[in-house]
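Everything on this sheet refers to the single structure shown next.
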Amino acid sequence: MTKNKTEILSFIQPYVPQHLFSASSTDLSLDDATTIAIQLAALRRVIATYLPRYLVARLVADPTPGQVTGGFRHGAVMFADVSGFTAMSEKLSALGKEGAEEITGIVNGYFETMLRISAKYGGDLLKFGGDAVLLFFEGRDGALRATTTAWAMQLAMEQFARVKTSLGEFPLRMSIGIGSGHIFLADLGTVENMEYAVMGQALSNMARAESVATAGQIVVDDATRIATASTADYTPVDTFWRLETLHEMVEPETYSSKIYPRMPNLVDASTETLLAFAYRQAQVINALKPFIPQQLLPQLILDPQNPLVPGSHRPVTVMFANFYGIDEIIEALGNAHEETITRILNNHFVTMSRIINRFGGVVNKVDAYAIGHRIMVLFGALQAHEDDPQRAVRTAVAMNAALAEVNRYTAA
């Protein structure tokens with residue numbers, strides 16, 4: 001169905017600063033249409049940086065909000081965790097706003113360095129939070145690209161061995177775990193609130209490998225060791241393998257993606273062409289929106305070409321809810337039952353998410369643990385309450401009580 005100008009302006013209005021135009025106006029100038037098109041393209045681009053490439057690419061191809069999907073992918077998953085940021089944060093937080101800004105600058109510099117390395121070897125950032133990153137290297141050569149990335153990242157840690165701050169020097173060190181094989185990627189939730197989850201045996205192996213690794217080490221599972229045996233030397237540690245030497249590194253490549261918009265030719269473009277382009281960007285943004293925190297989008301809309309999301313330091317209550325048996329369900333049902341696996345996972349996530357929302361909590365992430373999987377929930381991160389600790393406890397009790405019904409649904 002063809003949209004008229006009024007319908008297009010009404011649809012894109014939430015994603016454009018209100019001083020730029022009125023949604024009821026039909027006499028939009030060419031300059032205004034150009035400004036709106038640039039705004040929407042920049043906003044779509046900056047939102048995409050918060051999400052994995054695989055997810056953005058899917059929603060660019062089909063920008064329908066609230067799609068619940070899931071499927072198996074093959075490759076290597078890598079978890080890189082840094083020690084030292086907590087001690088630094090506790091010291092600098094005493095400086096208030098200035099300390100928060102200093103921490104933000106240091107953290108940004110660190111992650112920018114590591115993600116630049118990952119991007120060279122085709123790593124897709126799946127999860128990003130706190131002082132750790134979860135990366136996925138899809139394909140048959142995923143294990144080699146992951147170990148190459150891990151090796152290069154550990155070498156780059158030399159520049160962070162002694163981080164200078166206004167309150168002295170702090171050492172940072174990194175531990176890395178890698179697992180290879182099948183993982184299950186799922187997009188779960190409702191049209192209002194979506195979460196992408198990464199599950200499967202390779203991810204569990206990765207989490208256990210990282211728990212074995214000490215600062216400065218790279219530890220991999222057996223599948224990764226076998227896949228890279230001709231290019232690396234390993235030493236056994238528990239039931240995993242510590243990478244000692246990497247003899248051959250994958251050559252960096254340029255991994256292109258169609259997740260970023262291409263602007264129309266502004267010299268020849270008409271108002272109608274620019275509005276059609278802006279409408280398309282708004283459709284994609286509308287599909288991406290449920291995956292990002294609600295409070296983030298208004299900040300990005302103000303100036304997406306120069307996004308400034310300040311860091312903050314505030315008291316929160318953190319709850320981790322560990323769940324067991326998910327990997328067993330995924331392994332038992334296998335590739336032939338992706339829809340069934342997705343349905344089970346979505347029922348579990350939506351049930352727990354509604355309980356969390358009812359008590360004012362916010363799902364921060366769903367990720368792997370050394371045993372099973374976990375949901376990280378924050379109370380007080382968006383809106384503080386005097387009873388946030390009690391809210392967290394009540395949430396935990398309600399989630400435990402709901403498991404019986406969730407399990408009955410799973411068994412059916």
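By order in the structure tokens, chains are A, B, ...; within a chain, residues start at 1; ligands start at 1, following the order shown.
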Counting only C-alpha atoms, what is within 9 Å of stretch 15-21 of chain A, bar same-chain residues fewer than 3 positions away, as a compact mmCIF listing (two decimals) with all heavy atoms, in the first residue's frame?
# COMPACT_ATOMS: atom_id res chain seq x y z
N LEU A 9 5.07 11.26 7.16
CA LEU A 9 5.56 12.18 8.17
C LEU A 9 5.12 11.77 9.57
O LEU A 9 5.87 11.89 10.54
CB LEU A 9 5.09 13.60 7.86
CG LEU A 9 5.68 14.25 6.59
CD1 LEU A 9 5.03 15.60 6.36
CD2 LEU A 9 7.18 14.38 6.71
N PHE A 11 4.60 8.73 10.57
CA PHE A 11 5.34 7.52 10.96
C PHE A 11 6.76 7.84 11.42
O PHE A 11 7.27 7.26 12.38
CB PHE A 11 5.37 6.54 9.79
CG PHE A 11 5.99 5.21 10.12
CD1 PHE A 11 5.31 4.27 10.86
CD2 PHE A 11 7.28 4.92 9.69
CE1 PHE A 11 5.89 3.04 11.18
CE2 PHE A 11 7.88 3.70 9.99
CZ PHE A 11 7.17 2.76 10.74
N ILE A 12 7.41 8.79 10.73
CA ILE A 12 8.81 9.08 11.04
C ILE A 12 8.97 10.12 12.15
O ILE A 12 10.05 10.28 12.70
CB ILE A 12 9.59 9.55 9.80
CG1 ILE A 12 9.10 10.92 9.33
CG2 ILE A 12 9.51 8.53 8.69
CD1 ILE A 12 9.87 11.46 8.13
N SER A 24 1.88 17.26 10.47
CA SER A 24 0.67 17.65 9.74
C SER A 24 0.98 18.51 8.53
O SER A 24 0.10 18.83 7.74
CB SER A 24 -0.28 18.40 10.67
OG SER A 24 0.33 19.59 11.14
N SER A 25 2.27 18.88 8.38
CA SER A 25 2.63 19.75 7.27
C SER A 25 2.80 18.94 6.00
O SER A 25 3.41 17.88 5.99
CB SER A 25 3.93 20.50 7.59
OG SER A 25 4.36 21.22 6.46
N LEU A 28 6.48 20.46 2.89
CA LEU A 28 7.86 20.27 3.34
C LEU A 28 8.83 20.72 2.25
O LEU A 28 8.68 20.35 1.08
CB LEU A 28 8.09 18.79 3.66
CG LEU A 28 9.24 18.44 4.60
CD1 LEU A 28 8.95 18.93 6.01
CD2 LEU A 28 9.45 16.93 4.61
N ASP A 32 14.33 20.68 4.12
CA ASP A 32 13.82 19.95 5.29
C ASP A 32 13.81 18.44 5.03
O ASP A 32 14.16 17.64 5.91
CB ASP A 32 12.41 20.42 5.62
CG ASP A 32 12.39 21.81 6.23
OD1 ASP A 32 13.45 22.24 6.73
OD2 ASP A 32 11.34 22.46 6.20
N THR A 35 17.32 17.14 5.40
CA THR A 35 17.71 17.06 6.81
C THR A 35 17.09 15.84 7.47
O THR A 35 17.75 15.12 8.24
CB THR A 35 17.28 18.33 7.55
OG1 THR A 35 17.90 19.47 6.96
CG2 THR A 35 17.65 18.26 9.02
N ILE A 36 15.82 15.59 7.18
CA ILE A 36 15.12 14.44 7.77
C ILE A 36 15.74 13.13 7.29
O ILE A 36 15.96 12.20 8.08
CB ILE A 36 13.62 14.50 7.43
CG1 ILE A 36 12.97 15.66 8.17
CG2 ILE A 36 12.94 13.18 7.78
CD1 ILE A 36 11.55 15.95 7.73
N GLN A 39 19.01 12.62 9.04
CA GLN A 39 18.74 12.28 10.44
C GLN A 39 18.39 10.80 10.59
O GLN A 39 18.93 10.10 11.45
CB GLN A 39 17.59 13.15 10.96
CG GLN A 39 16.89 12.63 12.22
CD GLN A 39 17.59 12.99 13.50
OE1 GLN A 39 18.48 13.82 13.50
NE2 GLN A 39 17.19 12.38 14.61
N LEU A 40 17.46 10.32 9.76
CA LEU A 40 17.00 8.94 9.89
C LEU A 40 18.10 7.94 9.52
O LEU A 40 18.24 6.90 10.16
CB LEU A 40 15.77 8.71 9.01
CG LEU A 40 14.39 8.96 9.64
CD1 LEU A 40 14.09 7.94 10.71
CD2 LEU A 40 14.27 10.36 10.19
N LEU A 43 20.50 7.85 12.43
CA LEU A 43 19.91 7.18 13.58
C LEU A 43 19.91 5.67 13.38
O LEU A 43 20.25 4.91 14.31
CB LEU A 43 18.48 7.68 13.80
CG LEU A 43 17.74 7.12 15.02
CD1 LEU A 43 18.50 7.42 16.30
CD2 LEU A 43 16.33 7.69 15.09
N ALA A 282 12.97 4.58 8.87
CA ALA A 282 12.11 4.55 10.06
C ALA A 282 11.53 3.15 10.27
O ALA A 282 11.35 2.71 11.42
CB ALA A 282 11.00 5.58 9.93
N ILE A 285 14.34 1.21 11.88
CA ILE A 285 14.49 1.68 13.26
C ILE A 285 13.37 1.12 14.13
O ILE A 285 13.59 0.69 15.27
CB ILE A 285 14.51 3.21 13.32
CG1 ILE A 285 15.76 3.76 12.62
CG2 ILE A 285 14.43 3.71 14.75
CD1 ILE A 285 15.72 5.25 12.35
N LEU A 297 17.08 5.43 23.18
CA LEU A 297 16.64 6.00 21.90
C LEU A 297 16.44 7.51 21.96
O LEU A 297 16.91 8.22 21.06
CB LEU A 297 15.36 5.30 21.43
CG LEU A 297 14.85 5.70 20.04
CD1 LEU A 297 15.92 5.44 18.98
CD2 LEU A 297 13.56 4.96 19.70
N PRO A 298 15.76 8.08 22.98
CA PRO A 298 15.59 9.55 23.00
C PRO A 298 16.92 10.30 23.00
O PRO A 298 17.02 11.39 22.42
CB PRO A 298 14.82 9.79 24.30
CG PRO A 298 14.11 8.51 24.56
CD PRO A 298 15.04 7.44 24.09
N ILE A 301 18.28 10.20 19.36
CA ILE A 301 17.50 11.00 18.42
C ILE A 301 17.97 12.45 18.40
O ILE A 301 17.94 13.10 17.36
CB ILE A 301 15.99 10.91 18.77
CG1 ILE A 301 15.45 9.52 18.43
CG2 ILE A 301 15.19 11.99 18.04
CD1 ILE A 301 14.02 9.30 18.88
N LEU A 302 18.42 12.95 19.53
CA LEU A 302 18.80 14.36 19.63
C LEU A 302 19.88 14.74 18.62
O LEU A 302 19.81 15.79 17.98
CB LEU A 302 19.27 14.68 21.04
CG LEU A 302 18.20 14.62 22.13
CD1 LEU A 302 18.82 14.86 23.49
CD2 LEU A 302 17.10 15.65 21.85
N ASP A 303 20.89 13.86 18.44
CA ASP A 303 21.96 14.14 17.48
C ASP A 303 22.65 12.83 17.12
O ASP A 303 23.73 12.53 17.61
CB ASP A 303 22.97 15.13 18.06
CG ASP A 303 23.97 15.61 17.00
OD1 ASP A 303 23.86 15.18 15.83
OD2 ASP A 303 24.87 16.39 17.35
Run DSSP on the backbone and tell me which residues of stretch 203-407 of chain A come out as helix (DSSP H, G or I); list them as a PyMOL selection string.
chain A and resi 203-212+222-227+271-291+296-302+326-333+335-358+388-407
| task | List the neighbours of A:Val107 out to 12 Å using only C-alpha atoms; skip same-chain residues closer than 3 positions along the sequence, and give me the result as a PyMOL selection string. | result | chain A and resi 82+84-86+88-89+100-104+110-114+128-132+160+163+172+311
Just write the chosen residues, C-alpha atoms, as a tab-separated table (two decimals), in the first residue's frame.
chain	number	residue	atom	x	y	z
A	82	VAL	CA	38.94	-8.00	31.85
A	84	GLY	CA	40.96	-4.42	36.97
A	85	PHE	CA	38.06	-2.22	35.92
A	86	THR	CA	36.17	-2.87	39.16
A	88	MET	CA	39.47	1.40	39.09
A	89	SER	CA	35.74	2.17	39.08
A	100	ALA	CA	32.37	8.65	35.87
A	101	GLU	CA	33.53	10.58	32.81
A	102	GLU	CA	37.10	9.41	33.32
A	103	ILE	CA	36.01	5.78	33.67
A	104	THR	CA	33.85	6.08	30.54
A	110	TYR	CA	39.81	-0.23	25.71
A	111	PHE	CA	36.76	-1.61	23.92
A	112	GLU	CA	37.43	0.43	20.79
A	113	THR	CA	40.86	-1.21	20.57
A	114	MET	CA	39.56	-4.74	21.11
A	128	PHE	CA	28.63	-6.21	25.35
A	129	GLY	CA	28.37	-5.17	28.94
A	130	GLY	CA	30.41	-4.32	31.97
A	131	ASP	CA	33.99	-5.33	31.30
A	132	ALA	CA	33.46	-8.26	28.92
A	160	PHE	CA	46.64	-1.37	29.16
A	163	VAL	CA	46.43	2.58	32.97
A	172	LEU	CA	44.19	-4.36	33.48
A	311	GLY	CA	28.10	7.47	31.73
**Message:** I'd like the contact shell of A:Leu55 - 12 Å cut-off, only C-alpha atoms, skipping same-chain residues fewer than 2 positions apart - returned as an MDAnalysis selection string.
**Reply:** chainID A and resid 47:53 57:63 67:70 124:126 185:188 194:198 257:259 284 287:288 291
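Comparing the minimum interatomic distances between A:Val56 and each of A:Phe184, A:Phe136, A:Phe320, A:Tyr260, counting only C-alpha atoms, we find that A:Tyr260 sits nearest.
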Pick out each residue of stretch 143-248 of chain A that DSSP on the backbone tags as strand (DSSP E or B); I need them as a PDB file with C-alpha atoms, in the first residue's frame.
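Generated file (states.pdb):
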ATOM      1  CA  VAL A 163      46.432   2.579  32.972  1.00  0.00           C
ATOM      2  CA  LYS A 164      47.137   6.070  34.268  1.00  0.00           C
ATOM      3  CA  THR A 165      44.277   7.918  35.966  1.00  0.00           C
ATOM      4  CA  GLY A 168      47.056   6.676  40.157  1.00  0.00           C
ATOM      5  CA  GLU A 169      47.807   3.690  37.932  1.00  0.00           C
ATOM      6  CA  PHE A 170      45.648   0.581  37.599  1.00  0.00           C
ATOM      7  CA  ARG A 173      44.455  -8.005  32.408  1.00  0.00           C
ATOM      8  CA  MET A 174      42.276 -10.206  30.219  1.00  0.00           C
ATOM      9  CA  SER A 175      41.171 -13.842  30.303  1.00  0.00           C
ATOM     10  CA  ILE A 176      39.629 -15.456  27.212  1.00  0.00           C
ATOM     11  CA  GLY A 177      37.601 -18.606  26.617  1.00  0.00           C
ATOM     12  CA  ILE A 178      36.684 -20.062  23.211  1.00  0.00           C
ATOM     13  CA  GLY A 179      34.208 -22.794  22.241  1.00  0.00           C
ATOM     14  CA  SER A 180      33.435 -24.161  18.767  1.00  0.00           C
ATOM     15  CA  GLY A 181      30.490 -25.993  17.229  1.00  0.00           C
ATOM     16  CA  HIS A 182      26.783 -25.313  16.895  1.00  0.00           C
ATOM     17  CA  ILE A 183      25.100 -22.473  18.770  1.00  0.00           C
ATOM     18  CA  PHE A 184      21.443 -21.522  18.831  1.00  0.00           C
ATOM     19  CA  LEU A 185      20.647 -17.856  18.150  1.00  0.00           C
ATOM     20  CA  ALA A 186      17.149 -16.765  19.151  1.00  0.00           C
ATOM     21  CA  ASP A 187      15.270 -13.460  19.060  1.00  0.00           C
ATOM     22  CA  LEU A 188      12.731 -13.617  21.880  1.00  0.00           C
ATOM     23  CA  GLY A 189      10.043 -11.432  23.392  1.00  0.00           C
ATOM     24  CA  MET A 194      12.810  -8.086  22.491  1.00  0.00           C
ATOM     25  CA  GLU A 195      16.031  -9.796  23.545  1.00  0.00           C
ATOM     26  CA  TYR A 196      18.479 -11.799  21.466  1.00  0.00           C
ATOM     27  CA  ALA A 197      19.825 -14.881  23.200  1.00  0.00           C
ATOM     28  CA  VAL A 198      22.797 -17.130  22.442  1.00  0.00           C
ATOM     29  CA  MET A 199      22.647 -20.711  23.660  1.00  0.00           C
ATOM     30  CA  ILE A 218      43.483 -18.080  26.377  1.00  0.00           C
ATOM     31  CA  VAL A 219      41.718 -21.383  27.091  1.00  0.00           C
ATOM     32  CA  VAL A 220      39.735 -23.302  24.451  1.00  0.00           C
ATOM     33  CA  ALA A 232      48.797 -23.665  17.446  1.00  0.00           C
ATOM     34  CA  ASP A 233      50.399 -25.319  20.468  1.00  0.00           C
ATOM     35  CA  TYR A 234      48.319 -26.141  23.535  1.00  0.00           C
ATOM     36  CA  THR A 235      48.827 -27.339  27.089  1.00  0.00           C
ATOM     37  CA  PRO A 236      46.057 -29.313  28.833  1.00  0.00           C
ATOM     38  CA  VAL A 237      44.388 -27.558  31.767  1.00  0.00           C
ATOM     39  CA  PHE A 240      40.356 -27.808  28.398  1.00  0.00           C
ATOM     40  CA  TRP A 241      43.418 -26.479  26.562  1.00  0.00           C
ATOM     41  CA  ARG A 242      45.545 -23.399  27.171  1.00  0.00           C
ATOM     42  CA  LEU A 243      46.859 -21.715  24.021  1.00  0.00           C
ATOM     43  CA  GLU A 244      50.634 -21.344  24.309  1.00  0.00           C
ATOM     44  CA  THR A 245      51.718 -20.304  20.818  1.00  0.00           C
ATOM     45  CA  LEU A 246      49.948 -19.382  17.596  1.00  0.00           C
TER      46      LEU A 246
END
Counting only C-alpha atoms, the residue among A:Glu386, A:Glu328, A:Glu272, A:Glu158 that lies closest to A:Ser29 is A:Glu272
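With only C-alpha atoms as the atoms that count, the residue of A:Ala401, A:Val250, A:Pro14, A:Glu98 with the shortest distance to A:Tyr121 is A:Val250.
Across the structure, atom CA of A:Gln201 and atom CA of A:Ile326 are spaced 9.6 Å apart.
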Spatial neighbours of stretch 151-156 of chain A, 7 Å, only C-alpha atoms, chain gap at least 3 places, as a CSV table (one decimal) with all heavy atoms, in the first residue's frame:
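Here's the written file selection-v5.csv:
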chain,number,residue,atom,x,y,z
A,114,MET,N,39.8,-3.3,21.2
A,114,MET,CA,39.6,-4.7,21.1
A,114,MET,C,38.6,-5.0,20.0
A,114,MET,O,38.7,-6.0,19.3
A,114,MET,CB,39.0,-5.3,22.5
A,114,MET,CG,40.1,-5.1,23.6
A,114,MET,SD,41.7,-5.9,23.1
A,114,MET,CE,42.8,-5.1,24.3
A,117,ILE,N,40.1,-4.9,16.6
A,117,ILE,CA,40.8,-6.2,16.3
A,117,ILE,C,39.8,-7.3,15.8
A,117,ILE,O,40.0,-8.0,14.8
A,117,ILE,CB,41.6,-6.7,17.5
A,117,ILE,CG1,42.8,-5.7,17.8
A,117,ILE,CG2,42.2,-8.1,17.3
A,117,ILE,CD1,43.5,-5.9,19.1
A,147,THR,N,40.8,-17.7,17.5
A,147,THR,CA,42.0,-17.8,18.2
A,147,THR,C,43.0,-16.7,17.7
A,147,THR,O,43.8,-16.2,18.5
A,147,THR,CB,42.7,-19.2,18.0
A,147,THR,OG1,42.7,-19.5,16.6
A,147,THR,CG2,41.9,-20.3,18.7
A,148,THR,N,42.9,-16.4,16.4
A,148,THR,CA,43.8,-15.3,16.0
A,148,THR,C,43.4,-14.0,16.6
A,148,THR,O,44.2,-13.2,17.1
A,148,THR,CB,43.6,-15.1,14.4
A,148,THR,OG1,44.1,-16.3,13.8
A,148,THR,CG2,44.4,-13.9,13.9
A,159,GLN,N,49.3,-2.4,26.1
A,159,GLN,CA,49.1,-1.0,26.3
A,159,GLN,C,48.2,-0.6,27.5
A,159,GLN,O,48.1,0.6,27.8
A,159,GLN,CB,48.6,-0.4,25.0
A,159,GLN,CG,47.2,-0.9,24.6
A,159,GLN,CD,46.8,-0.4,23.2
A,159,GLN,OE1,46.4,0.8,23.1
A,159,GLN,NE2,46.8,-1.3,22.2
A,216,GLY,N,45.5,-13.1,31.5
A,216,GLY,CA,46.5,-13.2,30.5
A,216,GLY,C,46.5,-14.5,29.7
A,216,GLY,O,47.2,-14.7,28.8
Contact residues around A:Lys127 with only C-alpha atoms at 8 Å, ignoring same-chain residues under 5 positions, as a VMD selection string | chain A and resid 52 133 to 135 365 367
Could you dump the residues just selected with C-alpha atoms as a compact mmCIF listing (two decimals), in the first residue's frame?
# COMPACT_ATOMS: atom_id res chain seq x y z
CA PRO A 52 24.86 -7.90 16.35
CA VAL A 133 32.53 -9.02 25.31
CA LEU A 134 30.97 -12.07 23.65
CA LEU A 135 31.98 -12.51 20.00
CA LYS A 365 21.21 -9.44 29.17
CA ASP A 367 24.01 -15.04 28.44
